[in-house]
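Printed here is upload-v7.cif (mmCIF, C-alpha atoms and all ligand atoms):
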data_model
loop_
_atom_site.label_atom_id
_atom_site.label_comp_id
_atom_site.auth_asym_id
_atom_site.auth_seq_id
_atom_site.Cartn_x
_atom_site.Cartn_y
_atom_site.Cartn_z
CA MET A 13 -3.14 1.47 -16.23
CA ARG A 14 -5.08 2.15 -13.06
CA LEU A 15 -4.58 -0.48 -10.40
CA ILE A 16 -5.20 -1.20 -6.74
CA VAL A 17 -2.85 -3.40 -4.70
CA LEU A 18 -4.73 -4.93 -1.85
CA GLY A 19 -3.33 -7.00 1.00
CA PRO A 20 -2.70 -7.13 4.74
CA PRO A 21 -0.04 -4.99 6.45
CA GLY A 22 3.41 -6.19 5.40
CA ALA A 23 2.15 -8.18 2.40
CA GLY A 24 4.45 -6.35 0.00
CA LYS A 25 2.09 -3.74 -1.46
CA GLY A 26 4.60 -0.89 -1.26
CA THR A 27 7.44 -3.08 -2.55
CA GLN A 28 5.47 -4.16 -5.59
CA ALA A 29 4.08 -0.66 -6.16
CA GLN A 30 7.65 0.73 -6.19
CA ARG A 31 8.53 -1.92 -8.77
CA LEU A 32 5.59 -0.88 -10.95
CA VAL A 33 6.70 2.75 -10.73
CA VAL A 34 10.16 1.82 -12.03
CA ASN A 35 9.13 -0.77 -14.64
CA HIS A 36 5.80 0.54 -15.87
CA GLY A 37 5.95 4.30 -15.25
CA LEU A 38 2.92 4.28 -12.95
CA VAL A 39 2.56 6.73 -10.05
CA GLN A 40 2.32 5.19 -6.56
CA LEU A 41 -0.51 6.59 -4.43
CA SER A 42 0.09 5.34 -0.89
CA THR A 43 -2.29 6.74 1.71
CA GLY A 44 0.06 5.43 4.44
CA ASP A 45 2.96 7.48 2.99
CA MET A 46 0.72 10.53 2.55
CA LEU A 47 -0.50 10.28 6.15
CA ARG A 48 3.05 9.81 7.48
CA ALA A 49 4.10 12.93 5.54
CA ALA A 50 1.16 14.84 7.08
CA VAL A 51 2.18 13.62 10.56
CA ALA A 52 5.78 14.75 9.99
CA ALA A 53 4.62 18.16 8.71
CA GLN A 54 2.18 18.50 11.65
CA THR A 55 -0.70 19.53 9.39
CA PRO A 56 -4.23 19.39 10.89
CA VAL A 57 -4.77 16.01 9.18
CA GLY A 58 -1.42 14.80 10.51
CA ILE A 59 -2.21 15.86 14.05
CA GLU A 60 -5.55 14.00 13.89
CA ALA A 61 -4.02 10.89 12.27
CA LYS A 62 -0.92 10.49 14.46
CA ALA A 63 -2.53 8.99 17.57
CA ILE A 64 -4.77 6.70 15.52
CA MET A 65 -1.91 5.35 13.43
CA GLU A 66 0.18 4.68 16.53
CA THR A 67 -2.51 2.33 17.84
CA GLY A 68 -2.89 0.53 14.48
CA LYS A 69 -6.52 1.56 13.94
CA LEU A 70 -7.82 3.07 10.72
CA VAL A 71 -7.96 6.81 10.11
CA PRO A 72 -11.57 8.02 9.40
CA ASP A 73 -12.84 7.32 5.88
CA SER A 74 -13.61 11.00 5.22
CA VAL A 75 -10.00 12.01 5.94
CA VAL A 76 -8.33 9.50 3.61
CA THR A 77 -10.97 9.85 0.91
CA GLY A 78 -10.40 13.63 0.95
CA ILE A 79 -6.65 13.14 0.52
CA ILE A 80 -7.13 10.74 -2.41
CA SER A 81 -9.77 12.92 -4.04
CA ASP A 82 -7.36 15.88 -4.12
CA ARG A 83 -4.49 13.73 -5.36
CA LEU A 84 -6.54 12.32 -8.25
CA ASP A 85 -6.84 15.86 -9.65
CA ASP A 86 -3.08 16.17 -10.15
CA ASP A 87 -1.73 15.98 -13.70
CA ASP A 88 1.06 13.48 -12.97
CA ILE A 89 -1.41 10.63 -12.41
CA LYS A 90 -3.04 10.93 -15.84
CA GLY A 91 -0.68 8.32 -17.30
CA GLY A 92 -1.76 5.72 -14.75
CA PHE A 93 -1.45 4.98 -11.06
CA ILE A 94 -1.31 2.28 -8.49
CA LEU A 95 -3.28 2.71 -5.28
CA ASP A 96 -1.39 1.18 -2.33
CA GLY A 97 -3.27 1.00 0.98
CA PHE A 98 -6.44 2.61 -0.35
CA PRO A 99 -9.29 1.72 -0.32
CA ARG A 100 -9.30 -0.06 3.02
CA THR A 101 -13.04 -0.14 3.84
CA LEU A 102 -16.21 -0.68 1.80
CA LYS A 103 -17.06 3.01 2.33
CA GLN A 104 -13.73 4.03 0.83
CA ALA A 105 -14.26 1.64 -2.09
CA ASP A 106 -17.67 3.19 -2.82
CA ALA A 107 -16.22 6.70 -2.59
CA LEU A 108 -13.39 5.72 -4.95
CA GLU A 109 -15.88 4.25 -7.40
CA ARG A 110 -17.73 7.57 -7.50
CA LEU A 111 -14.53 9.64 -7.84
CA LEU A 112 -13.20 7.52 -10.71
CA ALA A 113 -16.56 7.59 -12.49
CA GLU A 114 -16.71 11.41 -12.21
CA LYS A 115 -13.20 11.73 -13.57
CA ALA A 116 -13.78 9.09 -16.31
CA MET A 117 -10.80 7.07 -15.07
CA PRO A 118 -11.99 3.44 -14.82
CA LEU A 119 -9.96 0.87 -12.88
CA ASP A 120 -8.15 -1.83 -14.84
CA GLY A 121 -7.68 -4.29 -12.01
CA VAL A 122 -7.23 -5.08 -8.34
CA ILE A 123 -4.30 -7.25 -7.28
CA ILE A 124 -4.61 -9.07 -3.96
CA LEU A 125 -1.36 -10.27 -2.37
CA GLU A 126 -2.05 -13.39 -0.33
CA VAL A 127 0.38 -13.82 2.60
CA ASP A 128 0.14 -15.89 5.81
CA ASP A 129 -0.08 -14.02 9.13
CA ASP A 130 3.22 -15.44 10.47
CA ALA A 131 5.07 -14.16 7.42
CA LEU A 132 3.41 -10.74 7.77
CA VAL A 133 4.65 -10.36 11.34
CA GLU A 134 8.18 -11.30 10.24
CA ARG A 135 8.09 -8.90 7.28
CA VAL A 136 6.89 -5.96 9.34
CA ALA A 137 9.42 -6.63 12.12
CA GLY A 138 12.36 -6.35 9.69
CA ARG A 139 11.08 -3.48 7.56
CA PHE A 140 13.06 -0.26 7.12
CA THR A 141 13.21 2.47 4.46
CA CYS A 142 15.71 4.99 3.16
CA ALA A 143 15.06 8.31 4.92
CA SER A 144 16.12 10.18 1.82
CA CYS A 145 14.46 8.44 -1.19
CA GLY A 146 11.92 6.15 0.49
CA THR A 147 13.18 2.88 -1.01
CA GLY A 148 11.96 -0.05 1.10
CA TYR A 149 14.23 -2.73 2.57
CA HIS A 150 14.11 -5.73 4.92
CA ASP A 151 16.78 -6.90 7.40
CA THR A 152 16.66 -10.46 6.02
CA PHE A 153 14.67 -10.48 2.78
CA LYS A 154 15.93 -7.31 1.10
CA PRO A 155 19.05 -5.94 2.78
CA THR A 156 21.01 -3.06 1.22
CA LYS A 157 23.81 -4.28 -1.07
CA THR A 158 26.38 -2.38 1.00
CA ASP A 159 25.74 -2.37 4.73
CA GLY A 160 24.22 0.96 5.83
CA VAL A 161 24.08 2.54 2.35
CA CYS A 162 20.93 2.95 0.23
CA ASP A 163 21.27 1.10 -3.11
CA VAL A 164 19.33 3.79 -4.95
CA CYS A 165 20.54 7.16 -3.61
CA GLY A 166 23.59 6.37 -1.45
CA SER A 167 22.11 7.87 1.72
CA ALA A 168 23.22 6.41 5.05
CA GLU A 169 20.04 7.38 6.90
CA PHE A 170 17.19 4.94 7.37
CA LYS A 171 13.85 4.94 9.21
CA ARG A 172 11.69 2.36 10.92
CA ARG A 173 7.97 2.90 11.39
CA ALA A 174 6.65 3.55 14.90
CA ASP A 175 3.71 1.21 14.19
CA ASP A 176 5.85 -1.74 13.05
CA ASN A 177 5.86 -3.42 16.46
CA ALA A 178 4.26 -6.72 17.49
CA GLU A 179 1.52 -5.14 19.58
CA THR A 180 0.31 -2.59 17.01
CA MET A 181 0.59 -5.24 14.32
CA ARG A 182 -2.11 -7.28 16.09
CA THR A 183 -4.53 -4.33 15.90
CA ARG A 184 -3.63 -3.70 12.26
CA LEU A 185 -4.29 -7.33 11.34
CA GLN A 186 -7.65 -7.19 13.12
CA ALA A 187 -8.56 -4.03 11.20
CA TYR A 188 -7.53 -5.74 7.98
CA TYR A 189 -9.67 -8.84 8.48
CA LYS A 190 -12.67 -6.88 9.76
CA ASP A 191 -12.72 -3.82 7.48
CA THR A 192 -10.50 -4.47 4.46
CA ALA A 193 -10.87 -8.20 3.67
CA PRO A 194 -14.53 -7.60 2.55
CA LEU A 195 -13.08 -5.68 -0.42
CA VAL A 196 -11.88 -8.99 -1.86
CA GLY A 197 -15.49 -10.06 -2.43
CA TYR A 198 -16.44 -6.56 -3.55
CA TYR A 199 -13.89 -6.49 -6.39
CA TYR A 200 -14.33 -10.18 -7.21
CA ALA A 201 -18.04 -9.48 -7.84
CA LYS A 202 -17.03 -6.68 -10.21
CA GLY A 203 -14.77 -9.06 -12.15
CA LYS A 204 -11.69 -6.96 -11.27
CA LEU A 205 -9.87 -9.20 -8.78
CA LYS A 206 -6.54 -10.92 -9.57
CA SER A 207 -5.05 -13.05 -6.83
CA VAL A 208 -1.26 -13.35 -6.47
CA ASP A 209 0.73 -15.70 -4.23
CA GLY A 210 2.51 -13.15 -2.05
CA MET A 211 4.47 -15.84 -0.15
CA ALA A 212 6.99 -16.14 -2.99
CA GLY A 213 10.14 -13.98 -3.13
CA ILE A 214 9.97 -10.32 -4.15
CA ASP A 215 11.08 -10.96 -7.75
CA ALA A 216 8.79 -13.96 -8.22
CA VAL A 217 5.79 -11.95 -6.99
CA GLY A 218 6.82 -9.12 -9.34
CA ALA A 219 7.00 -11.53 -12.28
CA GLU A 220 3.52 -12.85 -11.51
CA ILE A 221 2.18 -9.29 -11.43
CA ASP A 222 3.92 -8.45 -14.72
CA ALA A 223 2.28 -11.49 -16.33
CA LEU A 224 -1.15 -10.33 -15.07
CA LEU A 225 -0.59 -6.83 -16.44
CA ALA A 226 0.45 -8.20 -19.83
CA ASP A 227 -2.76 -10.24 -19.79
CA MET A 228 -4.91 -7.20 -18.90
CA LYS A 229 -3.39 -5.20 -21.74
CA GLY A 230 -4.33 -8.16 -23.93
P1 LIG B 1 0.67 -1.18 5.92
O1 LIG B 1 2.08 -1.13 5.44
O2 LIG B 1 0.50 -1.78 7.24
O3 LIG B 1 -0.29 -1.72 4.93
P2 LIG B 1 0.09 1.69 5.57
O4 LIG B 1 1.36 2.42 5.42
O5 LIG B 1 -0.74 1.49 4.34
O6 LIG B 1 0.34 0.32 6.30
O7 LIG B 1 -0.83 2.42 6.66
C1 LIG B 1 -0.33 2.75 7.94
C2 LIG B 1 -1.47 3.28 8.80
O8 LIG B 1 -2.01 4.46 8.18
C3 LIG B 1 -2.65 2.34 8.96
O9 LIG B 1 -2.49 1.43 10.03
C4 LIG B 1 -3.80 3.35 9.21
O10 LIG B 1 -3.78 3.84 10.54
C5 LIG B 1 -3.42 4.50 8.30
N1 LIG B 1 -4.00 4.35 6.94
C6 LIG B 1 -3.34 4.23 5.75
N2 LIG B 1 -4.18 4.12 4.73
C7 LIG B 1 -5.44 4.19 5.25
C8 LIG B 1 -6.74 4.13 4.70
N3 LIG B 1 -6.94 3.97 3.38
N4 LIG B 1 -7.79 4.22 5.56
C9 LIG B 1 -7.62 4.39 6.88
N5 LIG B 1 -6.41 4.44 7.46
C10 LIG B 1 -5.32 4.34 6.67
P1 LIG B 2 3.12 -3.35 2.71
O1 LIG B 2 3.27 -2.10 1.87
O2 LIG B 2 2.11 -4.30 2.15
O3 LIG B 2 2.88 -3.07 4.16
P2 LIG B 2 6.00 -3.70 2.21
O4 LIG B 2 6.09 -3.65 0.72
O5 LIG B 2 6.45 -2.53 2.97
O6 LIG B 2 4.50 -4.12 2.65
O7 LIG B 2 6.79 -5.00 2.69
C1 LIG B 2 6.95 -5.30 4.07
C2 LIG B 2 8.38 -5.79 4.30
O8 LIG B 2 8.55 -7.08 3.72
C3 LIG B 2 9.46 -4.90 3.69
O9 LIG B 2 10.57 -4.88 4.57
C4 LIG B 2 9.81 -5.61 2.37
O10 LIG B 2 11.17 -5.39 2.01
C5 LIG B 2 9.55 -7.07 2.69
N1 LIG B 2 8.97 -7.82 1.56
C6 LIG B 2 8.10 -7.37 0.61
N2 LIG B 2 7.75 -8.35 -0.25
C7 LIG B 2 8.40 -9.48 0.17
C8 LIG B 2 8.47 -10.83 -0.31
N3 LIG B 2 7.77 -11.23 -1.38
N4 LIG B 2 9.24 -11.69 0.38
C9 LIG B 2 9.92 -11.30 1.48
N5 LIG B 2 9.92 -10.04 1.98
C10 LIG B 2 9.17 -9.13 1.34
ZN ZN B 3 17.74 6.10 -0.82
#
Could the structure of this file be written out as structure tokens, please?
Ligand code: ADP
Ligand code: ADP
Ligand code: ZN
Amino acid sequence: MRLIVLGPPGAGKGTQAQRLVVNHGLVQLSTGDMLRAAVAAQTPVGIEAKAIMETGKLVPDSVVTGIISDRLDDDDIKGGFILDGFPRTLKQADALERLLAEKAMPLDGVIILEVDDDALVERVAGRFTCASCGTGYHDTFKPTKTDGVCDVCGSAEFKRRADDNAETMRTRLQAYYKDTAPLVGYYYAKGKLKSVDGMAGIDAVGAEIDALLADMKG
């Protein structure tokens, strides 16, 4: 299957994408993760993206579209993928449409996670990830089973994102409502959109997504 998970910052896109990787064998394509890796490696893209990401604004369309275009040529995504955090603008959606048409890889569906702004702020404030395997956690909603130890790989090192602060979050929400929310209508008009109540717990949201996927497979 080829899916997009759409939703505001902190909605649970990465969490649900990680679940789909484990349960459905899809590959997660997160432009946020790819950009953070480029920043850490100080590549030219990373150097350009760093300052923009720190303010909460969007990285230029051409940069992210280039990254995704290259990634879609890799063999590991042939069995299906889930785009997390891309596309984020109408320009990116049009570029993706062209890329997928060229590669004869049509999209199966677009899942939108609906979450209230207050909950988003709370989710982002408590977010942390394993520095070693990337598994996502939350101080309150998804703590590690043993304090300070990753459930998946046993590492004791964790990271918090520089942009997960209240001030940057305001800019990110503005960017979402201005530039990304129009994609809801865009995919609805194409008959691809599936709306999910993202306010429920992580497992309940996952179950709703699983039911949608079963439906799509028919
Ligand atoms: P979130 O968890 O808030 O949805 P991401 O990890 O997807 O955040 O993205 C973090 C930051 O990386 C964004 O605020 C933006 O600066 C940049 N970014 C990620 N994906 C894109 C994209 N598709 N287009 C433009 N900028 C992006
Ligand atoms: P996104 O990728 O959309 O920015 P994440 O998947 O990183 O969002 O989730 C943001 C934070 O909220 C993480 O700390 C995650 O553990 C937590 N979280 C994700 N889904 C839920 C949920 N349904 N209920 C409560 N917390 C959640
Ligand atoms: Zn880990």
Non-local contacts of Val75 (chain A) (10 Å; all atoms listed in the file; under 5 positions in same chain excluded) as a VMD selection string: chain A and resid 47 57 60 to 61 80
Counting only C-alpha atoms and all ligand atoms, what are the residues, protein, DNA or RNA alike, that approach ligand LIG 1 (chain B) to within 8 Å? I want them as a compact mmCIF listing (two decimals) with C-alpha atoms, in the coordinates of the input.
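What ended up in pocket_23.txt:
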# COMPACT_ATOMS: atom_id res chain seq x y z
CA GLY A 19 -3.33 -7.00 1.00
CA PRO A 20 -2.70 -7.13 4.74
CA PRO A 21 -0.04 -4.99 6.45
CA GLY A 22 3.41 -6.19 5.40
CA ALA A 23 2.15 -8.18 2.40
CA GLY A 24 4.45 -6.35 0.00
CA LYS A 25 2.09 -3.74 -1.46
CA GLY A 26 4.60 -0.89 -1.26
CA SER A 42 0.09 5.34 -0.89
CA THR A 43 -2.29 6.74 1.71
CA GLY A 44 0.06 5.43 4.44
CA ASP A 45 2.96 7.48 2.99
CA LEU A 47 -0.50 10.28 6.15
CA ARG A 48 3.05 9.81 7.48
CA ALA A 61 -4.02 10.89 12.27
CA ILE A 64 -4.77 6.70 15.52
CA MET A 65 -1.91 5.35 13.43
CA GLU A 66 0.18 4.68 16.53
CA THR A 67 -2.51 2.33 17.84
CA GLY A 68 -2.89 0.53 14.48
CA LYS A 69 -6.52 1.56 13.94
CA LEU A 70 -7.82 3.07 10.72
CA VAL A 71 -7.96 6.81 10.11
CA PRO A 72 -11.57 8.02 9.40
CA ASP A 73 -12.84 7.32 5.88
CA VAL A 76 -8.33 9.50 3.61
CA THR A 77 -10.97 9.85 0.91
CA ASP A 96 -1.39 1.18 -2.33
CA GLY A 97 -3.27 1.00 0.98
CA PHE A 98 -6.44 2.61 -0.35
CA PRO A 99 -9.29 1.72 -0.32
CA ARG A 100 -9.30 -0.06 3.02
CA THR A 101 -13.04 -0.14 3.84
CA GLN A 104 -13.73 4.03 0.83
CA VAL A 136 6.89 -5.96 9.34
CA ASP A 175 3.71 1.21 14.19
CA ASP A 176 5.85 -1.74 13.05
CA MET A 181 0.59 -5.24 14.32
CA ARG A 184 -3.63 -3.70 12.26
If we count all atoms listed in the file and set the cut-off at 8 Å, which residues sit around region 90-94 of chain A, ignoring sequence neighbours fewer than 6 positions away in its own chain? Please answer as a tab-separated table (two decimals) with C-alpha atoms, in the frame of the given file.
chain	number	residue	atom	x	y	z
A	13	MET	CA	-3.14	1.47	-16.23
A	14	ARG	CA	-5.08	2.15	-13.06
A	15	LEU	CA	-4.58	-0.48	-10.40
A	16	ILE	CA	-5.20	-1.20	-6.74
A	17	VAL	CA	-2.85	-3.40	-4.70
A	29	ALA	CA	4.08	-0.66	-6.16
A	32	LEU	CA	5.59	-0.88	-10.95
A	37	GLY	CA	5.95	4.30	-15.25
A	38	LEU	CA	2.92	4.28	-12.95
A	39	VAL	CA	2.56	6.73	-10.05
A	40	GLN	CA	2.32	5.19	-6.56
A	41	LEU	CA	-0.51	6.59	-4.43
d(CA of Leu132 (chain A), CA of Gly203 (chain A)) in Å: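 It comes out at 27.0 Å.
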Interatomic distance, CA of Glu114 (chain A) to CA of Leu195 (chain A) (Å, one decimal): 21.1 Å
Pairwise distance for CA of Lys157 (chain A) and CA of Ile214 (chain A), rounded to one decimal in Å: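 Value for the CA of Lys157 (chain A)-CA of Ile214 (chain A) distance: 15.4 Å.
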Spatial neighbours of Leu224 (chain A), max dist 8 Å, all atoms listed in the file, sep filter under 4 positions, as a PyMOL selection string: chain A and resi 206+220+228
Minimum-distance residue to ligand ZN 3 (chain B), chosen among A:Leu95, A:Gly160, A:Ala131, A:Ala113 (using all atoms listed in the file):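 Answer, going by the shortest atom-to-atom distance: A:Gly160.
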Polymer residues at most 9 Å from Leu112 (chain A), only C-alpha atoms, same-chain spacing of 6 or more positions, as a PyMOL selection string: chain A and resi 84+118-119
Next, the residues of the selection above should be written as a compact mmCIF listing (two decimals), in the coordinates of the input with C-alpha atoms.
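Saved result, selection38.txt, follows:
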# COMPACT_ATOMS: atom_id res chain seq x y z
CA LEU A 84 -6.54 12.32 -8.25
CA PRO A 118 -11.99 3.44 -14.82
CA LEU A 119 -9.96 0.87 -12.88
Expected selection as a list in words for ligand ZN 3 (chain B) within 10 Å, only C-alpha atoms and all ligand atoms: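 Using only C-alpha atoms and all ligand atoms, everything at most 10 Å from ligand ZN 3 (chain B) comes to Thr141, Cys142, Ala143, Ser144, Cys145, Gly146, Thr147, Gly148, Thr156, Val161, Cys162, Asp163, Val164, Cys165, Gly166, Ser167, Ala168, Glu169 and Phe170 of chain A.
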Distance criterion (all atoms listed in the file): nearest to ligand LIG 2 (chain B) out of A:Lys202, A:Leu225, A:Ser74, A:Arg31: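 Using all atoms listed in the file, ligand LIG 2 (chain B) sits closest to A:Arg31.
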Of the listed residues A:Ala226, A:Ala53, A:Leu205, A:Val133, that which approaches ligand LIG 2 (chain B) most closely, counting only C-alpha atoms and all ligand atoms: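 Closest candidate: A:Val133.
Comparing A:Arg173, A:Lys115, A:His36, A:Lys103 by their smallest distance to ligand LIG 2 (chain B), the closest is A:Arg173 (using all atoms listed in the file).
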Among the residues A:Ile59, A:Ile124, A:Ala193, A:Ala178, the one that comes closest to ligand LIG 2 (chain B) [using only C-alpha atoms and all ligand atoms]: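 Using only C-alpha atoms and all ligand atoms, ligand LIG 2 (chain B) sits closest to A:Ile124.
Across A:Glu179, A:Ala107, A:Tyr199, A:Asp209, the tightest approach to Glu126 (chain A) is made by A:Asp209 when counting all atoms listed in the file.
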Exercise on region 93-108 of chain A, axis-aligned box with 3 Å per side, report centre and edge lengths in Å to one decimal, as JSON:
{"center_x": -9.5, "center_y": 3.0, "center_z": -3.6, "size_x": 22.4, "size_y": 13.4, "size_z": 20.9}
